[in-house]
$ cat final.txt   # compact mmCIF, C-alpha atoms
# COMPACT_ATOMS: atom_id res chain seq x y z
CA LYS A 208 93.17 111.57 95.79
CA VAL A 209 91.61 108.29 94.72
CA VAL A 210 92.03 105.03 96.63
CA VAL A 211 90.67 101.92 94.92
CA TYR A 212 90.02 98.50 96.34
CA CYS A 213 87.97 95.40 95.68
CA LYS A 214 87.60 91.94 97.16
CA THR A 215 90.62 90.35 95.43
CA GLY A 216 92.71 93.27 94.20
CA VAL A 217 92.46 92.21 90.57
CA ASN A 218 89.72 94.64 89.60
CA ALA A 219 91.35 97.34 91.71
CA GLY A 220 94.44 96.86 89.55
CA ARG A 221 92.47 97.37 86.36
CA LEU A 222 90.76 100.48 87.72
CA TYR A 223 94.13 101.82 88.88
CA TRP A 224 95.55 101.41 85.37
CA VAL A 225 92.43 102.92 83.71
CA LEU A 226 92.58 105.95 85.99
CA ARG A 227 96.31 106.38 85.25
CA TYR A 228 95.49 106.04 81.52
CA LEU A 229 92.91 108.81 81.89
CA GLY A 230 95.55 111.04 83.46
CA CYS A 231 94.75 110.68 87.16
CA THR A 232 98.10 110.92 88.94
CA ASN A 233 96.96 110.81 92.57
CA VAL A 234 95.60 107.25 92.63
CA TYR A 235 96.44 104.38 94.99
CA ILE A 236 95.41 100.82 95.80
CA LEU A 237 94.39 99.78 99.31
CA ASN A 238 96.79 96.92 99.99
CA GLY A 239 94.90 93.95 101.41
CA HIS A 240 91.57 95.56 100.64
CA MET A 241 88.79 95.85 103.23
CA LYS A 242 89.89 92.68 105.03
CA ALA A 243 93.26 94.25 105.88
CA TRP A 244 91.57 97.57 106.71
CA ARG A 245 89.30 95.89 109.24
CA LYS A 246 92.13 93.73 110.62
CA ALA A 247 94.11 96.91 111.27
CA ARG A 248 91.05 98.19 113.18
CA LYS A 249 90.60 101.17 110.90
CA PRO A 250 87.24 102.97 111.10
CA VAL A 251 84.35 101.57 109.09
CA THR A 252 80.89 103.07 108.72
CA LYS A 253 77.66 102.21 106.96
CA VAL A 254 76.95 105.90 106.39
CA ALA A 255 78.58 107.31 103.29
CA SER A 256 80.36 110.58 103.81
CA LYS A 257 79.51 113.49 101.59
CA ALA A 258 82.41 114.11 99.24
CA LYS A 259 83.33 117.58 98.13
CA PRO A 260 82.52 118.09 94.46
CA ALA A 261 85.62 118.03 92.29
CA THR A 262 86.29 118.36 88.61
CA PHE A 263 88.48 115.87 86.83
CA THR A 264 89.41 116.60 83.24
CA PRO A 265 90.82 113.49 81.57
CA GLU A 266 94.12 113.80 79.74
CA VAL A 267 94.73 110.44 78.11
CA ASN A 268 98.17 109.04 78.84
CA ASN A 269 98.88 107.01 75.70
CA SER A 270 102.38 106.16 76.94
CA ILE A 271 101.01 103.39 79.19
CA SER A 272 98.79 101.62 76.66
CA VAL A 273 99.68 99.77 73.47
CA VAL A 274 97.80 98.20 70.57
CA LYS A 275 98.43 94.99 68.63
CA SER A 276 100.53 96.59 65.88
CA TYR A 277 102.81 98.10 68.51
CA VAL A 278 103.24 94.75 70.24
CA GLU A 279 103.97 93.10 66.88
CA SER A 280 106.66 95.69 66.19
CA LYS A 281 108.36 94.83 69.51
CA LEU A 282 108.23 91.02 69.35
CA ASN A 283 111.93 90.66 68.50
CA SER A 284 113.25 93.71 70.32
CA PRO A 285 115.83 92.91 73.01
CA ALA A 286 114.88 96.18 74.72
CA THR A 287 111.26 95.05 75.27
CA VAL A 288 109.88 92.33 77.55
CA LEU A 289 106.35 91.01 77.14
CA ILE A 290 104.98 89.67 80.41
CA ASP A 291 101.97 87.36 80.40
CA VAL A 292 100.53 87.58 83.92
CA ARG A 293 98.00 84.79 83.46
CA LYS A 294 98.17 81.45 85.28
CA LYS A 295 100.80 79.02 83.98
CA GLU A 296 98.08 76.69 82.69
CA ASP A 297 96.72 79.48 80.48
CA PHE A 298 100.21 80.52 79.40
CA ASP A 299 100.97 76.93 78.38
CA LYS A 300 97.93 76.93 76.07
CA GLY A 301 99.41 79.78 74.05
CA THR A 302 101.05 83.12 74.49
CA ILE A 303 102.33 86.06 72.44
CA GLY A 304 105.81 85.64 71.03
CA LYS A 305 108.53 84.97 73.58
CA SER A 306 106.58 86.31 76.53
CA VAL A 307 107.73 85.67 80.06
CA ASN A 308 105.11 84.12 82.34
CA LEU A 309 104.88 85.80 85.73
CA PRO A 310 101.41 85.00 87.10
CA HIS A 311 100.03 87.87 89.12
CA LYS A 312 99.56 85.63 92.15
CA LEU A 313 103.36 85.41 92.49
CA PHE A 314 103.15 88.92 93.90
CA ILE A 315 100.37 88.31 96.43
CA ASP A 316 100.87 86.71 99.84
CA ASP A 317 98.57 83.68 100.03
CA GLU A 318 97.77 84.19 103.71
CA THR A 319 97.25 87.95 104.00
CA LYS A 320 96.10 88.58 100.40
CA LYS A 321 98.35 91.65 100.48
CA LEU A 322 101.07 92.39 97.99
CA LYS A 323 104.37 90.85 99.01
CA PRO A 324 107.10 93.14 100.33
CA VAL A 325 108.74 95.36 97.71
CA ASP A 326 112.09 93.54 98.03
CA ALA A 327 110.43 90.19 97.35
CA MET A 328 108.56 91.52 94.31
CA SER A 329 111.70 93.20 93.00
CA ALA A 330 113.56 89.87 93.31
CA ILE A 331 110.90 88.10 91.20
CA PHE A 332 111.53 90.50 88.32
CA LYS A 333 115.28 90.45 88.78
CA ASP A 334 115.33 86.62 88.80
CA ALA A 335 113.37 86.67 85.53
CA GLY A 336 115.89 89.09 84.00
CA ILE A 337 113.39 91.95 83.90
CA THR A 338 115.17 95.18 84.70
CA PRO A 339 114.10 98.85 84.82
CA ASP A 340 116.05 99.67 81.65
CA LYS A 341 113.64 97.54 79.57
CA GLU A 342 110.30 98.51 78.10
CA ILE A 343 107.75 96.30 79.83
CA ILE A 344 104.47 95.31 78.15
CA LEU A 345 102.00 93.50 80.42
CA TYR A 346 98.95 91.58 79.35
CA CYS A 347 96.32 89.04 80.39
CA GLU A 348 92.75 88.46 79.21
CA SER A 349 91.06 91.57 80.59
CA SER A 350 93.94 93.79 81.79
CA ALA A 351 92.75 93.28 85.36
CA ARG A 352 95.72 91.16 86.44
CA ALA A 353 98.00 93.23 84.21
CA GLY A 354 96.72 96.32 86.04
CA ILE A 355 97.83 95.12 89.46
CA ILE A 356 101.30 94.27 88.10
CA PHE A 357 101.37 97.67 86.37
CA PHE A 358 100.80 99.19 89.83
CA VAL A 359 103.64 97.10 91.29
CA LEU A 360 106.10 98.03 88.55
CA GLU A 361 105.16 101.68 88.10
CA THR A 362 104.32 102.81 91.61
CA LEU A 363 106.16 100.49 93.97
CA LEU A 364 109.26 99.52 91.97
CA LYS A 365 109.49 102.76 89.94
CA TYR A 366 110.09 101.09 86.56
CA PRO A 367 109.98 104.01 84.09
CA ASN A 368 108.59 102.34 80.94
CA VAL A 369 105.63 100.07 81.71
CA LYS A 370 102.66 99.61 79.40
CA VAL A 371 99.53 97.47 79.28
CA TYR A 372 98.33 95.73 76.14
CA ASP A 373 94.59 95.93 76.72
CA GLY A 374 93.41 94.03 73.65
CA ALA A 375 95.43 90.84 74.05
CA TYR A 376 92.64 88.34 74.58
CA ASN A 377 90.42 89.41 71.70
CA GLU A 378 93.09 90.34 69.18
CA TRP A 379 95.30 87.23 69.41
CA GLN A 380 92.58 84.55 69.23
$ encode --input "final.txt" --output "structure tokens"
Amino acid sequence: KVVVYCKTGVNAGRLYWVLRYLGCTNVYILNGHMKAWRKARKPVTKVASKAKPATFTPEVNNSISVVKSYVESKLNSPATVLIDVRKKEDFDKGTIGKSVNLPHKLFIDDETKKLKPVDAMSAIFKDAGITPDKEIILYCESSARAGIIFFVLETLLKYPNVKVYDGAYNEWQ
């Protein structure tokens, strides 16, 4: 079992997606990160515990990652939705094809820094016309923000066909 967290959740999202890509199936994100952990009065120590040695053999899961040529082949497909999770200002400067802009911060509560309730996040996608029957391709500049939305769609909302385009920033310049 792997639980990832970071200060903002963005890098935790990327690590979550990378671990899923490498075939790790028992991986989670700590919602609200250490701030929420402490607020819930969960135990914290300065002494690292000794973990039991374990062997992890990667088995790359290519079904959750796409390359530029794949994205290009899907640009006009009604069965595929490209989601640009960058800020609107960045989206307005240029995006890939007819991407939908759903900034990752739409899914995070401003006050608690936790993910919004599942019903609220589901409504955001539904209102944008993004349904589980579609192939979803997420992207941003580094796949960090795309990773957290991958987690939302795959793990929390159970969308069956979600992918991350990891090369978006460099390949579309």
$ closest_residue --input "final.txt" --among "A:Ser349, A:Thr232, A:Asn218, A:Ser284" --to "Val267 in chain A" --atoms "all atoms listed in the file"
A:Thr232
$ residues_around --input "final.txt" --residues "His311 in chain A" --least-positions-apart "6" --cutoff "7 Å" --atoms "all atoms listed in the file" --output "MDAnalysis selection string"
chainID A and resid 292:293 352 356
$ closest_residue --input "final.txt" --among "A:Leu222, A:Val278, A:Ala286, A:Val359" --to "Thr338 in chain A" --atoms "all atoms listed in the file"
A:Ala286
$ residues_around --input "final.txt" --residues "Pro285 in chain A" --least-positions-apart "4" --cutoff "10 Å" --atoms "all atoms listed in the file" --output "ChimeraX atom specification"
/A:281,341-342
$ write_last_selection --input "final.txt" --atoms "C-alpha atoms" --output "PDB file, in the frame of the given file"
ATOM      1  CA  LYS A 281     108.360  94.830  69.510  1.00  0.00           C
ATOM      2  CA  LYS A 341     113.640  97.540  79.570  1.00  0.00           C
ATOM      3  CA  GLU A 342     110.300  98.510  78.100  1.00  0.00           C
TER       4      GLU A 342
END
$ residues_around --input "final.txt" --residues "range 210-214 of chain A" --least-positions-apart "2" --cutoff "6 Å" --atoms "only C-alpha atoms" --output "ChimeraX atom specification"
/A:216,219,234-237,240
$ closest_residue --input "final.txt" --among "A:Lys259, A:Val251, A:Cys347, A:Val325" --to "Phe298 in chain A" --atoms "all atoms listed in the file"
A:Cys347
$ atom_distance --input "final.txt" --atom1 "CA of Leu364 in chain A" --atom2 "CA of Lys295 in chain A"
23.6 Å
$ closest_residue --input "final.txt" --among "A:Asn283, A:Ser329, A:Asn368, A:Asn269" --to "Phe314 in chain A" --atoms "only C-alpha atoms"
A:Ser329
$ atom_distance --input "final.txt" --atom1 "CA of Val288 in chain A" --atom2 "CA of Gly220 in chain A"
20.1 Å
$ atom_distance --input "final.txt" --atom1 "CA of Asp291 in chain A" --atom2 "CA of Asn308 in chain A"
4.9 Å
$ residues_around --input "final.txt" --residues "Thr215 in chain A" --least-positions-apart "5" --cutoff "12 Å" --atoms "all atoms listed in the file" --output "list in words"
Gly220, Arg221, Ile236, Leu237, Asn238, Gly239, His240, Met241, Lys242, Ala243, His311, Lys312, Ile315, Asp316, Asp317, Thr319, Lys320, Lys321, Leu322, Ala351, Arg352 and Ile355 of chain A
$ write_last_selection --input "final.txt" --atoms "C-alpha atoms" --output "short mmCIF file (atom, residue, chain, number, x, y, z; two decimals), in the coordinates of the input"
data_model
loop_
_atom_site.label_atom_id
_atom_site.label_comp_id
_atom_site.auth_asym_id
_atom_site.auth_seq_id
_atom_site.Cartn_x
_atom_site.Cartn_y
_atom_site.Cartn_z
CA GLY A 220 94.44 96.86 89.55
CA ARG A 221 92.47 97.37 86.36
CA ILE A 236 95.41 100.82 95.80
CA LEU A 237 94.39 99.78 99.31
CA ASN A 238 96.79 96.92 99.99
CA GLY A 239 94.90 93.95 101.41
CA HIS A 240 91.57 95.56 100.64
CA MET A 241 88.79 95.85 103.23
CA LYS A 242 89.89 92.68 105.03
CA ALA A 243 93.26 94.25 105.88
CA HIS A 311 100.03 87.87 89.12
CA LYS A 312 99.56 85.63 92.15
CA ILE A 315 100.37 88.31 96.43
CA ASP A 316 100.87 86.71 99.84
CA ASP A 317 98.57 83.68 100.03
CA THR A 319 97.25 87.95 104.00
CA LYS A 320 96.10 88.58 100.40
CA LYS A 321 98.35 91.65 100.48
CA LEU A 322 101.07 92.39 97.99
CA ALA A 351 92.75 93.28 85.36
CA ARG A 352 95.72 91.16 86.44
CA ILE A 355 97.83 95.12 89.46
#
$ axis_aligned_box --input "final.txt" --around "range 323-339 of chain A" --padding-each-side "5 Å" --output "lines of an AutoDock Vina configuration file"
center_x = 110.1
center_y = 92.7
center_z = 92.1
size_x = 21.5
size_y = 22.2
size_z = 26.4
$ closest_residue --input "final.txt" --among "A:Lys294, A:Leu360, A:Lys246, A:Lys275" --to "Lys333 in chain A" --atoms "all atoms listed in the file"
A:Leu360
$ closest_residue --input "final.txt" --among "A:Leu363, A:Ala255, A:Ser270, A:Tyr372" --to "Lys323 in chain A" --atoms "all atoms listed in the file"
A:Leu363
$ residues_around --input "final.txt" --residues "Tyr228 in chain A" --least-positions-apart "4" --cutoff "9 Å" --atoms "all atoms listed in the file" --output "ChimeraX atom specification"
/A:223-224,265-272
$ decode --input "final.txt" --residues "range 317-330 of chain A" --atoms "all heavy atoms" --output "mmCIF file, in the first residue's frame"
data_model
loop_
_atom_site.group_PDB
_atom_site.id
_atom_site.type_symbol
_atom_site.label_atom_id
_atom_site.label_comp_id
_atom_site.auth_asym_id
_atom_site.auth_seq_id
_atom_site.Cartn_x
_atom_site.Cartn_y
_atom_site.Cartn_z
ATOM 1 N N ASP A 317 -11.165 25.730 -1.598
ATOM 2 C CA ASP A 317 -10.214 26.808 -1.300
ATOM 3 C C ASP A 317 -9.834 26.878 0.177
ATOM 4 O O ASP A 317 -8.688 27.166 0.507
ATOM 5 C CB ASP A 317 -10.790 28.166 -1.727
ATOM 6 C CG ASP A 317 -10.817 28.352 -3.227
ATOM 7 O OD1 ASP A 317 -10.000 27.714 -3.926
ATOM 8 O OD2 ASP A 317 -11.656 29.139 -3.714
ATOM 9 N N GLU A 318 -10.791 26.622 1.044
ATOM 10 C CA GLU A 318 -10.546 26.760 2.478
ATOM 11 C C GLU A 318 -9.777 25.579 3.060
ATOM 12 O O GLU A 318 -8.775 25.752 3.748
ATOM 13 C CB GLU A 318 -11.877 26.926 3.214
ATOM 14 C CG GLU A 318 -11.707 27.231 4.687
ATOM 15 C CD GLU A 318 -13.043 27.459 5.357
ATOM 16 O OE1 GLU A 318 -13.914 28.115 4.754
ATOM 17 O OE2 GLU A 318 -13.206 26.968 6.489
ATOM 18 N N THR A 319 -10.237 24.364 2.786
ATOM 19 C CA THR A 319 -9.632 23.182 3.409
ATOM 20 C C THR A 319 -8.453 22.617 2.615
ATOM 21 O O THR A 319 -7.683 21.835 3.143
ATOM 22 C CB THR A 319 -10.660 22.056 3.569
ATOM 23 O OG1 THR A 319 -11.060 21.602 2.258
ATOM 24 C CG2 THR A 319 -11.866 22.518 4.370
ATOM 25 N N LYS A 320 -8.363 22.991 1.346
ATOM 26 C CA LYS A 320 -7.344 22.458 0.423
ATOM 27 C C LYS A 320 -7.548 20.971 0.158
ATOM 28 O O LYS A 320 -6.673 20.299 -0.375
ATOM 29 C CB LYS A 320 -5.911 22.714 0.904
ATOM 30 C CG LYS A 320 -5.596 24.168 1.150
ATOM 31 C CD LYS A 320 -5.847 25.013 -0.069
ATOM 32 C CE LYS A 320 -5.513 26.465 0.189
ATOM 33 N NZ LYS A 320 -6.218 27.389 -0.661
ATOM 34 N N LYS A 321 -8.703 20.444 0.534
ATOM 35 C CA LYS A 321 -9.057 19.060 0.244
ATOM 36 C C LYS A 321 -9.821 19.018 -1.071
ATOM 37 O O LYS A 321 -10.368 20.034 -1.522
ATOM 38 C CB LYS A 321 -9.961 18.489 1.339
ATOM 39 C CG LYS A 321 -9.275 18.189 2.629
ATOM 40 C CD LYS A 321 -10.280 17.561 3.581
ATOM 41 C CE LYS A 321 -9.620 16.900 4.745
ATOM 42 N NZ LYS A 321 -10.608 16.183 5.582
ATOM 43 N N LEU A 322 -9.887 17.840 -1.654
ATOM 44 C CA LEU A 322 -10.741 17.662 -2.814
ATOM 45 C C LEU A 322 -12.185 17.906 -2.393
ATOM 46 O O LEU A 322 -12.575 17.584 -1.272
ATOM 47 C CB LEU A 322 -10.594 16.248 -3.375
ATOM 48 C CG LEU A 322 -9.259 15.950 -4.043
ATOM 49 C CD1 LEU A 322 -9.133 14.462 -4.311
ATOM 50 C CD2 LEU A 322 -9.103 16.741 -5.329
ATOM 51 N N LYS A 323 -12.956 18.465 -3.301
ATOM 52 C CA LYS A 323 -14.372 18.695 -3.032
ATOM 53 C C LYS A 323 -15.078 17.346 -2.903
ATOM 54 O O LYS A 323 -14.555 16.312 -3.323
ATOM 55 C CB LYS A 323 -14.985 19.521 -4.164
ATOM 56 C CG LYS A 323 -14.491 20.958 -4.178
ATOM 57 C CD LYS A 323 -15.130 21.762 -5.287
ATOM 58 C CE LYS A 323 -14.656 23.206 -5.227
ATOM 59 N NZ LYS A 323 -15.224 24.010 -6.329
ATOM 60 N N PRO A 324 -16.290 17.347 -2.363
ATOM 61 C CA PRO A 324 -17.038 16.087 -2.282
ATOM 62 C C PRO A 324 -17.245 15.466 -3.662
ATOM 63 O O PRO A 324 -17.330 16.172 -4.672
ATOM 64 C CB PRO A 324 -18.381 16.512 -1.670
ATOM 65 C CG PRO A 324 -18.078 17.785 -0.938
ATOM 66 C CD PRO A 324 -16.999 18.462 -1.740
ATOM 67 N N VAL A 325 -17.324 14.155 -3.693
ATOM 68 C CA VAL A 325 -17.449 13.410 -4.947
ATOM 69 C C VAL A 325 -18.637 13.908 -5.779
ATOM 70 O O VAL A 325 -18.508 14.081 -6.991
ATOM 71 C CB VAL A 325 -17.548 11.891 -4.661
ATOM 72 C CG1 VAL A 325 -17.946 11.119 -5.902
ATOM 73 C CG2 VAL A 325 -16.222 11.379 -4.117
ATOM 74 N N ASP A 326 -19.769 14.166 -5.143
ATOM 75 C CA ASP A 326 -20.943 14.647 -5.882
ATOM 76 C C ASP A 326 -20.661 15.974 -6.579
ATOM 77 O O ASP A 326 -21.090 16.188 -7.713
ATOM 78 C CB ASP A 326 -22.152 14.798 -4.954
ATOM 79 C CG ASP A 326 -22.690 13.464 -4.469
ATOM 80 O OD1 ASP A 326 -22.305 12.415 -5.041
ATOM 81 O OD2 ASP A 326 -23.504 13.467 -3.527
ATOM 82 N N ALA A 327 -19.955 16.861 -5.900
ATOM 83 C CA ALA A 327 -19.629 18.165 -6.484
ATOM 84 C C ALA A 327 -18.672 18.008 -7.673
ATOM 85 O O ALA A 327 -18.843 18.673 -8.704
ATOM 86 C CB ALA A 327 -19.021 19.083 -5.428
ATOM 87 N N MET A 328 -17.687 17.128 -7.529
ATOM 88 C CA MET A 328 -16.744 16.920 -8.626
ATOM 89 C C MET A 328 -17.432 16.240 -9.807
ATOM 90 O O MET A 328 -17.193 16.597 -10.963
ATOM 91 C CB MET A 328 -15.534 16.114 -8.147
ATOM 92 C CG MET A 328 -14.681 16.893 -7.149
ATOM 93 S SD MET A 328 -13.115 16.090 -6.731
ATOM 94 C CE MET A 328 -13.672 14.643 -5.850
ATOM 95 N N SER A 329 -18.300 15.298 -9.523
ATOM 96 C CA SER A 329 -19.053 14.626 -10.574
ATOM 97 C C SER A 329 -19.905 15.629 -11.348
ATOM 98 O O SER A 329 -19.989 15.571 -12.582
ATOM 99 C CB SER A 329 -19.929 13.537 -9.960
ATOM 100 O OG SER A 329 -20.641 12.861 -10.959
ATOM 101 N N ALA A 330 -20.512 16.578 -10.633
ATOM 102 C CA ALA A 330 -21.351 17.597 -11.273
ATOM 103 C C ALA A 330 -20.536 18.495 -12.200
ATOM 104 O O ALA A 330 -21.029 18.912 -13.252
ATOM 105 C CB ALA A 330 -22.059 18.429 -10.208
#
